[in-house]
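To start, the structure under review is shown below, and the notes come after it.
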Amino acid sequence: MSTRTSWADLAANSAAENATAGSSSANNGPVGTASAPPSRSTYVPPHLRNRPAVSDAPAPAYSGPVSNNDRPGYGGSRWSGGPRNDSGRSGYSGGGGRGGWGGGRSGGWDRGRDREVNPFADDDVTTEEAFTEQENSGINFDAYEDIPVETSGDNVPPPVNTFAEIDLGDALNQNIRRCKYVKPTPVQRHAIPISLGGRDLMACAQTGSGKTAAFCFPIISGIMRGESVQRPPRGARTVYPLALILSPTRELSMQIHEEARKFSYQTGVKVVVAYGGAPIHQQLRELERGVDILVATPGRLVDLLERARVSLQMIRYLALDEADRMLDMGFEPQIRKIVEQMDMPPPGERQTMLFSATFPKEIQRLASDFLANYIFLAVGRVGSSTDLIVQRVEFVHESDKRSHLMDLLHAQRANGTQGKQALTLVFVETKKGADSLEHWLCMNGFPATTIHGDRTQQEREQALRSFKSGNTPILVATDVAARGLDIPHVAHVVNFDLPNDIDDYVHRIGRTGRAGKTGLATAFFNENNSSMARSLSELMQESNQEVPAWLSRYAARSSFGGGRNRRSGGRFGGRDFRREGSFNRGGSDYYGGGNSSGGYGASSGGYGGGYGASSGVTSAWD
DNA sequence: AAAAAAC
């Protein structure tokens, strides 16, 4: 019998208690009722766990409703009167609340509560003064106002307009406030009620749209409600997370983990991350201290499963982030193994959220296999590649690239648009190329670092930290950094080598223009990129960018096939193929003659550029 | 063709 318990164990004893918790429990638990008898004396509701004994809360000073925001629409009022503190909350009164967890049960991970590091700690001190505008929110709300959203499926729960109208619980609400999220983004407005309603979700949305919060909030809230968790029968060193979040790259997993830790701060919900390239022992130790939400890359998770250090038997929530990317990277066997061939409860008995930028057939199949009666949600592209990013294409011969880059960097330096607050991200094609360019930049007086798959994980993380902090304001990267990573203050993305796929281009330039800031994207184009001419010039036209005449000529000359994914139409990454009435597991070609389906039609005023009405498989959005 | 990902 294990003494290492997490919430699952604790909650097992509380099933009966929770059964009386009210209507909410009816919505949530796909898992059956627990058989364990209630045991009031030991149960600790998660929101009471992990709490400092007295009022010396390590929470950061939160000095009022969001004030660094000049939008009149959402000041502090949503939070009904600004900051509250624990002692003012009903239902939890200082020492009185301690009874639950104060004594008794040893071995619950709550013994580690003193060690819960304040995940908000670095946010405020260093950056707040320098960047007051919308720091942490990571979201440019203006750009989100007019985003078209499409949902389909049976009984779609209506979207919400504020966090306040969703019952996420006090602890989570506080964290939302600490994160300075004042208003849900479109994907959150729709996805959160869907997930809270216990439904499976297939969502086409980009990173930076608030996706992480969209799947984390319902998971955390659901775990905190915590009904019906059975105690795992296996003992020994196996841990039983309640939620699993899979993502394609290590850095993305780290990033999700960091965000999830903020959302779950002082909720008692424990988030652990596991990825390759790092010594496994530390991760094992973390796991042994208890895990409710496991964030992982597929390879390392398979390893952990094969070692029987993790069991998926208790999984109630499964989220797959960047699913199309994971398939691109060849993770399908691992993912299927994890989801279908281990001990994870089947669809219907768990809640599954599948996020993907695009919705090609492979993802449709995954959706059919992993989801049960799901709701399809497509969120249109945010203006990031249209409104906020200025795209430039310059004709640069291969041999001139370095000196041309140097010109740009010198100009930036002269401008003052370089340094801590104006980072430059340079994408190259190969790992070797990344190393040699980094070296060359350093030799020429531009502090640079690099991130790619040949570096050790430690080096990768160090590089990212150094870049983010502004110590080395230039980062040379391969596509490992193209998707999903949210690095604030990237002012300039240089496509030193253009990718061969327009979707990759869109992902790359999406690293700038984030958090409400404008960004610049410069691409070096030459005859080697002629296959991209057409799709690139189309994309630029669509996003109201100035297309150089020479590029248009190139585009006209280069026949079709430009970019293996010619970008064609569609505000969304995809549509709910079930609506086409041709759903069939063998994979009928739903995209054949598709046209925009109803619902939003031409009504999306303000939506940048507008897309053609041609059928489209893809639109790359993180 | 290159990139990513477990040991």
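Within each chain, counting starts at residue 1; across the structure tokens, chains are named A, B, ... in the order shown, with ligands numbered 1 upward in that order.
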Quick one: contact table of chain A to chain B, 9 Å max, nearest atom pair and distance in Å to one decimal per residue, counting only C-alpha atoms (C1' of nucleotides), chain and number order, as a Markdown table?
```
| residue | atom | partner | partner_atom | distance |
| --- | --- | --- | --- | --- |
| A:Pro248 | CA | B:DA4 | C1' | 7.9 |
| A:Thr249 | CA | B:DA4 | C1' | 7.2 |
| A:Arg250 | CA | B:DA5 | C1' | 8.7 |
| A:Tyr275 | CA | B:DA6 | C1' | 8.8 |
| A:Gly276 | CA | B:DA6 | C1' | 6.2 |
| A:Gly277 | CA | B:DA6 | C1' | 8.2 |
| A:Thr297 | CA | B:DA5 | C1' | 7.8 |
| A:Pro298 | CA | B:DA5 | C1' | 7.6 |
| A:Gly299 | CA | B:DA6 | C1' | 5.1 |
| A:Arg300 | CA | B:DA6 | C1' | 5.4 |
| A:Leu301 | CA | B:DA6 | C1' | 8.5 |
| A:Val302 | CA | B:DA6 | C1' | 7.7 |
| A:Asp303 | CA | B:DA6 | C1' | 6.1 |
| A:Met326 | CA | B:DA4 | C1' | 9.0 |
| A:Met329 | CA | B:DA4 | C1' | 5.9 |
| A:Gly330 | CA | B:DA4 | C1' | 8.7 |
| A:Phe331 | CA | B:DA5 | C1' | 8.0 |
| A:Glu429 | CA | B:DA2 | C1' | 6.8 |
| A:Thr430 | CA | B:DA2 | C1' | 6.3 |
| A:Lys431 | CA | B:DA3 | C1' | 8.4 |
| A:His452 | CA | B:DA3 | C1' | 8.6 |
| A:Gly453 | CA | B:DA4 | C1' | 7.0 |
| A:Thr478 | CA | B:DA3 | C1' | 7.2 |
| A:Asp479 | CA | B:DA3 | C1' | 6.2 |
| A:Val480 | CA | B:DA4 | C1' | 6.5 |
```
Writing out the chosen residues with N, CA and C atoms as a PDB file, in the first residue's frame:
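Listed below is the output, again.pdb:
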```
ATOM      1  N   PRO A 248       4.119  18.121 -28.219  1.00  0.00           N
ATOM      2  CA  PRO A 248       5.169  17.562 -29.076  1.00  0.00           C
ATOM      3  C   PRO A 248       6.604  17.854 -28.652  1.00  0.00           C
ATOM      4  N   THR A 249       6.890  19.017 -28.165  1.00  0.00           N
ATOM      5  CA  THR A 249       8.291  19.303 -27.859  1.00  0.00           C
ATOM      6  C   THR A 249       8.506  19.507 -26.360  1.00  0.00           C
ATOM      7  N   ARG A 250       9.730  19.322 -25.991  1.00  0.00           N
ATOM      8  CA  ARG A 250      10.076  19.421 -24.571  1.00  0.00           C
ATOM      9  C   ARG A 250       9.817  20.818 -24.051  1.00  0.00           C
ATOM     10  N   TYR A 275       9.781  14.885 -19.553  1.00  0.00           N
ATOM     11  CA  TYR A 275      10.205  14.900 -20.952  1.00  0.00           C
ATOM     12  C   TYR A 275      11.609  14.343 -21.056  1.00  0.00           C
ATOM     13  N   GLY A 276      11.958  13.988 -22.263  1.00  0.00           N
ATOM     14  CA  GLY A 276      13.247  13.365 -22.482  1.00  0.00           C
ATOM     15  C   GLY A 276      14.391  14.358 -22.428  1.00  0.00           C
ATOM     16  N   GLY A 277      15.579  13.824 -22.519  1.00  0.00           N
ATOM     17  CA  GLY A 277      16.740  14.680 -22.554  1.00  0.00           C
ATOM     18  C   GLY A 277      17.204  15.146 -21.193  1.00  0.00           C
ATOM     19  N   THR A 297       6.015  14.787 -22.892  1.00  0.00           N
ATOM     20  CA  THR A 297       6.226  14.477 -24.303  1.00  0.00           C
ATOM     21  C   THR A 297       6.040  12.964 -24.443  1.00  0.00           C
ATOM     22  N   PRO A 298       5.614  12.516 -25.629  1.00  0.00           N
ATOM     23  CA  PRO A 298       5.225  11.109 -25.770  1.00  0.00           C
ATOM     24  C   PRO A 298       6.335  10.112 -25.446  1.00  0.00           C
ATOM     25  N   GLY A 299       7.539  10.377 -25.919  1.00  0.00           N
ATOM     26  CA  GLY A 299       8.608   9.400 -25.725  1.00  0.00           C
ATOM     27  C   GLY A 299       8.885   9.103 -24.268  1.00  0.00           C
ATOM     28  N   ARG A 300       9.062  10.131 -23.507  1.00  0.00           N
ATOM     29  CA  ARG A 300       9.372   9.928 -22.090  1.00  0.00           C
ATOM     30  C   ARG A 300       8.211   9.262 -21.364  1.00  0.00           C
ATOM     31  N   LEU A 301       7.005   9.611 -21.756  1.00  0.00           N
ATOM     32  CA  LEU A 301       5.859   9.002 -21.090  1.00  0.00           C
ATOM     33  C   LEU A 301       5.814   7.500 -21.363  1.00  0.00           C
ATOM     34  N   VAL A 302       6.075   7.125 -22.614  1.00  0.00           N
ATOM     35  CA  VAL A 302       6.091   5.699 -22.936  1.00  0.00           C
ATOM     36  C   VAL A 302       7.125   4.991 -22.065  1.00  0.00           C
ATOM     37  N   ASP A 303       8.252   5.617 -21.936  1.00  0.00           N
ATOM     38  CA  ASP A 303       9.291   5.073 -21.072  1.00  0.00           C
ATOM     39  C   ASP A 303       8.773   4.868 -19.645  1.00  0.00           C
ATOM     40  N   MET A 326       2.272  16.750 -33.592  1.00  0.00           N
ATOM     41  CA  MET A 326       2.747  15.469 -33.057  1.00  0.00           C
ATOM     42  C   MET A 326       2.690  14.383 -34.135  1.00  0.00           C
ATOM     43  N   MET A 329       5.460  14.787 -36.543  1.00  0.00           N
ATOM     44  CA  MET A 329       6.731  14.364 -35.989  1.00  0.00           C
ATOM     45  C   MET A 329       6.796  12.854 -35.803  1.00  0.00           C
ATOM     46  N   GLY A 330       5.783  12.189 -36.277  1.00  0.00           N
ATOM     47  CA  GLY A 330       5.808  10.736 -36.224  1.00  0.00           C
ATOM     48  C   GLY A 330       5.459  10.137 -34.881  1.00  0.00           C
ATOM     49  N   PHE A 331       4.712  10.848 -34.108  1.00  0.00           N
ATOM     50  CA  PHE A 331       4.365  10.363 -32.771  1.00  0.00           C
ATOM     51  C   PHE A 331       3.117   9.499 -32.723  1.00  0.00           C
ATOM     52  N   GLU A 429      17.546  26.546 -41.496  1.00  0.00           N
ATOM     53  CA  GLU A 429      17.028  25.256 -41.925  1.00  0.00           C
ATOM     54  C   GLU A 429      17.648  24.084 -41.160  1.00  0.00           C
ATOM     55  N   THR A 430      18.927  24.173 -40.920  1.00  0.00           N
ATOM     56  CA  THR A 430      19.596  23.000 -40.363  1.00  0.00           C
ATOM     57  C   THR A 430      20.259  23.290 -39.011  1.00  0.00           C
ATOM     58  N   LYS A 431      20.482  22.227 -38.297  1.00  0.00           N
ATOM     59  CA  LYS A 431      21.116  22.335 -36.982  1.00  0.00           C
ATOM     60  C   LYS A 431      22.552  22.845 -37.120  1.00  0.00           C
ATOM     61  N   HIS A 452      18.443  23.928 -30.957  1.00  0.00           N
ATOM     62  CA  HIS A 452      18.112  22.907 -31.955  1.00  0.00           C
ATOM     63  C   HIS A 452      18.303  21.527 -31.352  1.00  0.00           C
ATOM     64  N   GLY A 453      17.903  20.544 -32.103  1.00  0.00           N
ATOM     65  CA  GLY A 453      17.828  19.199 -31.565  1.00  0.00           C
ATOM     66  C   GLY A 453      19.148  18.503 -31.313  1.00  0.00           C
ATOM     67  N   THR A 478      16.234  26.262 -35.125  1.00  0.00           N
ATOM     68  CA  THR A 478      15.593  25.428 -36.137  1.00  0.00           C
ATOM     69  C   THR A 478      14.108  25.415 -35.811  1.00  0.00           C
ATOM     70  N   ASP A 479      13.386  24.567 -36.529  1.00  0.00           N
ATOM     71  CA  ASP A 479      11.941  24.547 -36.325  1.00  0.00           C
ATOM     72  C   ASP A 479      11.513  24.034 -34.954  1.00  0.00           C
ATOM     73  N   VAL A 480      12.464  23.586 -34.164  1.00  0.00           N
ATOM     74  CA  VAL A 480      12.072  23.157 -32.823  1.00  0.00           C
ATOM     75  C   VAL A 480      11.399  24.323 -32.087  1.00  0.00           C
TER      76      VAL A 480
END
```
**Request:** Pick out the residues sitting within 12 Å of Ala523 (chain A), and hand them over as a PyMOL selection string; count only C-alpha atoms (C1' of nucleotides), and ignore anything fewer than 4 positions along from it in its own chain.
**Result:** chain A and resi 390-397+401+404-405+408+425-428+492-499+505-506+508-509+529+532-533+536-537+540+551
Could the residues in this selection be written to a file with N, CA, C and O atoms, as a short mmCIF file (atom, residue, chain, number, x, y, z; two decimals), in the first residue's frame?
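The resulting again-v1.cif:
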```
data_model
loop_
_atom_site.label_atom_id
_atom_site.label_comp_id
_atom_site.auth_asym_id
_atom_site.auth_seq_id
_atom_site.Cartn_x
_atom_site.Cartn_y
_atom_site.Cartn_z
N VAL A 390 4.32 42.95 -39.32
CA VAL A 390 4.69 43.49 -40.62
C VAL A 390 5.64 42.48 -41.27
O VAL A 390 6.66 42.11 -40.69
N GLN A 391 5.26 42.03 -42.44
CA GLN A 391 6.09 41.03 -43.12
C GLN A 391 6.86 41.67 -44.26
O GLN A 391 6.29 42.38 -45.08
N ARG A 392 8.14 41.38 -44.28
CA ARG A 392 8.97 41.86 -45.37
C ARG A 392 9.66 40.68 -46.01
O ARG A 392 10.07 39.76 -45.34
N VAL A 393 9.79 40.73 -47.31
CA VAL A 393 10.56 39.71 -48.01
C VAL A 393 11.65 40.40 -48.78
O VAL A 393 11.39 41.38 -49.47
N GLU A 394 12.85 39.91 -48.64
CA GLU A 394 13.96 40.53 -49.35
C GLU A 394 14.67 39.47 -50.18
O GLU A 394 14.83 38.33 -49.74
N PHE A 395 15.08 39.87 -51.35
CA PHE A 395 15.79 38.93 -52.20
C PHE A 395 17.26 38.92 -51.79
O PHE A 395 17.95 39.92 -51.93
N VAL A 396 17.69 37.82 -51.27
CA VAL A 396 19.07 37.73 -50.80
C VAL A 396 19.68 36.42 -51.30
O VAL A 396 19.17 35.34 -51.00
N HIS A 397 20.75 36.54 -52.04
CA HIS A 397 21.43 35.33 -52.49
C HIS A 397 22.01 34.60 -51.29
O HIS A 397 22.36 35.20 -50.28
N LYS A 401 23.63 36.15 -47.38
CA LYS A 401 22.71 36.14 -46.25
C LYS A 401 23.32 36.69 -44.97
O LYS A 401 22.71 37.47 -44.25
N HIS A 404 23.86 40.34 -45.05
CA HIS A 404 22.56 41.02 -45.04
C HIS A 404 21.96 41.02 -43.63
O HIS A 404 21.41 42.02 -43.17
N LEU A 405 22.10 39.89 -42.98
CA LEU A 405 21.62 39.81 -41.59
C LEU A 405 22.37 40.83 -40.73
O LEU A 405 21.77 41.51 -39.89
N LEU A 408 20.91 44.17 -41.08
CA LEU A 408 19.67 44.31 -40.32
C LEU A 408 19.97 44.53 -38.84
O LEU A 408 19.36 45.38 -38.19
N LEU A 425 14.69 36.67 -33.31
CA LEU A 425 14.68 35.22 -33.47
C LEU A 425 14.99 34.91 -34.93
O LEU A 425 14.28 35.35 -35.83
N VAL A 426 16.07 34.17 -35.14
CA VAL A 426 16.51 33.88 -36.51
C VAL A 426 16.30 32.40 -36.80
O VAL A 426 16.87 31.55 -36.12
N PHE A 427 15.48 32.11 -37.81
CA PHE A 427 15.24 30.71 -38.16
C PHE A 427 16.13 30.27 -39.30
O PHE A 427 16.27 30.98 -40.31
N VAL A 428 16.74 29.13 -39.11
CA VAL A 428 17.53 28.53 -40.17
C VAL A 428 17.04 27.12 -40.43
O VAL A 428 16.24 26.58 -39.66
N HIS A 492 11.45 40.78 -33.64
CA HIS A 492 11.82 40.54 -35.03
C HIS A 492 12.07 39.05 -35.26
O HIS A 492 12.86 38.45 -34.55
N VAL A 493 11.37 38.50 -36.21
CA VAL A 493 11.65 37.14 -36.64
C VAL A 493 12.29 37.21 -38.01
O VAL A 493 11.74 37.81 -38.93
N VAL A 494 13.47 36.64 -38.13
CA VAL A 494 14.14 36.61 -39.43
C VAL A 494 14.12 35.19 -39.96
O VAL A 494 14.61 34.27 -39.32
N ASN A 495 13.52 35.02 -41.12
CA ASN A 495 13.60 33.73 -41.79
C ASN A 495 14.85 33.75 -42.66
O ASN A 495 14.80 34.02 -43.85
N PHE A 496 15.96 33.48 -42.02
CA PHE A 496 17.25 33.44 -42.68
C PHE A 496 17.20 32.40 -43.80
O PHE A 496 17.62 32.65 -44.92
N ASP A 497 16.67 31.24 -43.47
CA ASP A 497 16.31 30.24 -44.48
C ASP A 497 14.81 30.11 -44.43
O ASP A 497 14.25 29.82 -43.37
N LEU A 498 14.17 30.30 -45.55
CA LEU A 498 12.72 30.10 -45.56
C LEU A 498 12.40 28.62 -45.42
O LEU A 498 13.15 27.78 -45.92
N PRO A 499 11.33 28.30 -44.75
CA PRO A 499 10.91 26.89 -44.72
C PRO A 499 10.32 26.51 -46.07
O PRO A 499 10.07 27.38 -46.90
N TYR A 505 6.06 28.67 -42.12
CA TYR A 505 6.35 30.11 -42.15
C TYR A 505 5.40 30.86 -41.20
O TYR A 505 5.83 31.70 -40.41
N VAL A 506 4.15 30.52 -41.29
CA VAL A 506 3.17 31.21 -40.45
C VAL A 506 3.45 30.94 -38.97
O VAL A 506 3.38 31.84 -38.14
N ARG A 508 6.32 30.25 -37.66
CA ARG A 508 7.54 30.96 -37.27
C ARG A 508 7.28 32.44 -37.01
O ARG A 508 7.68 32.97 -35.97
N ILE A 509 6.62 33.09 -37.95
CA ILE A 509 6.44 34.52 -37.74
C ILE A 509 5.48 34.78 -36.58
O ILE A 509 5.51 35.85 -35.99
N ASN A 529 14.04 29.25 -53.07
CA ASN A 529 12.74 29.26 -52.42
C ASN A 529 11.59 29.46 -53.40
O ASN A 529 10.48 29.79 -53.00
N MET A 532 8.15 28.51 -52.87
CA MET A 532 7.36 29.21 -51.85
C MET A 532 6.78 30.52 -52.36
O MET A 532 5.98 31.16 -51.67
N ALA A 533 7.20 30.93 -53.53
CA ALA A 533 6.85 32.27 -54.00
C ALA A 533 5.33 32.48 -53.99
O ALA A 533 4.82 33.48 -53.49
N LEU A 536 3.68 32.26 -50.51
CA LEU A 536 4.13 33.39 -49.69
C LEU A 536 3.45 34.68 -50.14
O LEU A 536 2.96 35.46 -49.32
N SER A 537 3.39 34.87 -51.43
CA SER A 537 2.79 36.12 -51.89
C SER A 537 1.29 36.11 -51.63
O SER A 537 0.70 37.13 -51.29
N MET A 540 0.83 36.90 -47.98
CA MET A 540 1.08 38.31 -47.69
C MET A 540 -0.06 39.19 -48.19
O MET A 540 -0.46 40.14 -47.51
N LEU A 551 8.53 39.47 -56.29
CA LEU A 551 7.96 38.25 -55.72
C LEU A 551 6.70 37.84 -56.49
O LEU A 551 6.46 36.66 -56.74
#
```
**Asked** Contacts of Ala296 (chain A) at 12 Å or less, counting only C-alpha atoms (C1' of nucleotides), minus same-chain residues fewer than 4 places along, as number ranges by chain?
**Response** A: 241, 243-257, 271-276, 283, 287, 300-305, 310, 318-321, 335, 338; B: 5
**Request:** Between CA of Phe446 (chain A) and CA of Arg413 (chain A), measure the distance and give it in Å to one decimal.
**Result:**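 Value for the CA of Phe446 (chain A)-CA of Arg413 (chain A) distance: 9.7 Å.
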**Message:** Using DSSP secondary structure from the backbone, list all alpha helix (DSSP H) positions within region 166-236 of chain A, as a PyMOL selection string.
**Reply:** chain A and resi 170-178+186-196+211-225
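For the atom pair formed by CA of Arg261 (chain A) and CA of Glu349 (chain A), the distance is 25.7 Å, given to one decimal.
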**Prompt:** CA of Arg350 (chain A) and CA of Ala308 (chain A), how far apart in Å?
**Reply:**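 Taking CA of Ala308 (chain A) as the start and CA of Arg350 (chain A) as the end point, the length is 20.7 Å.
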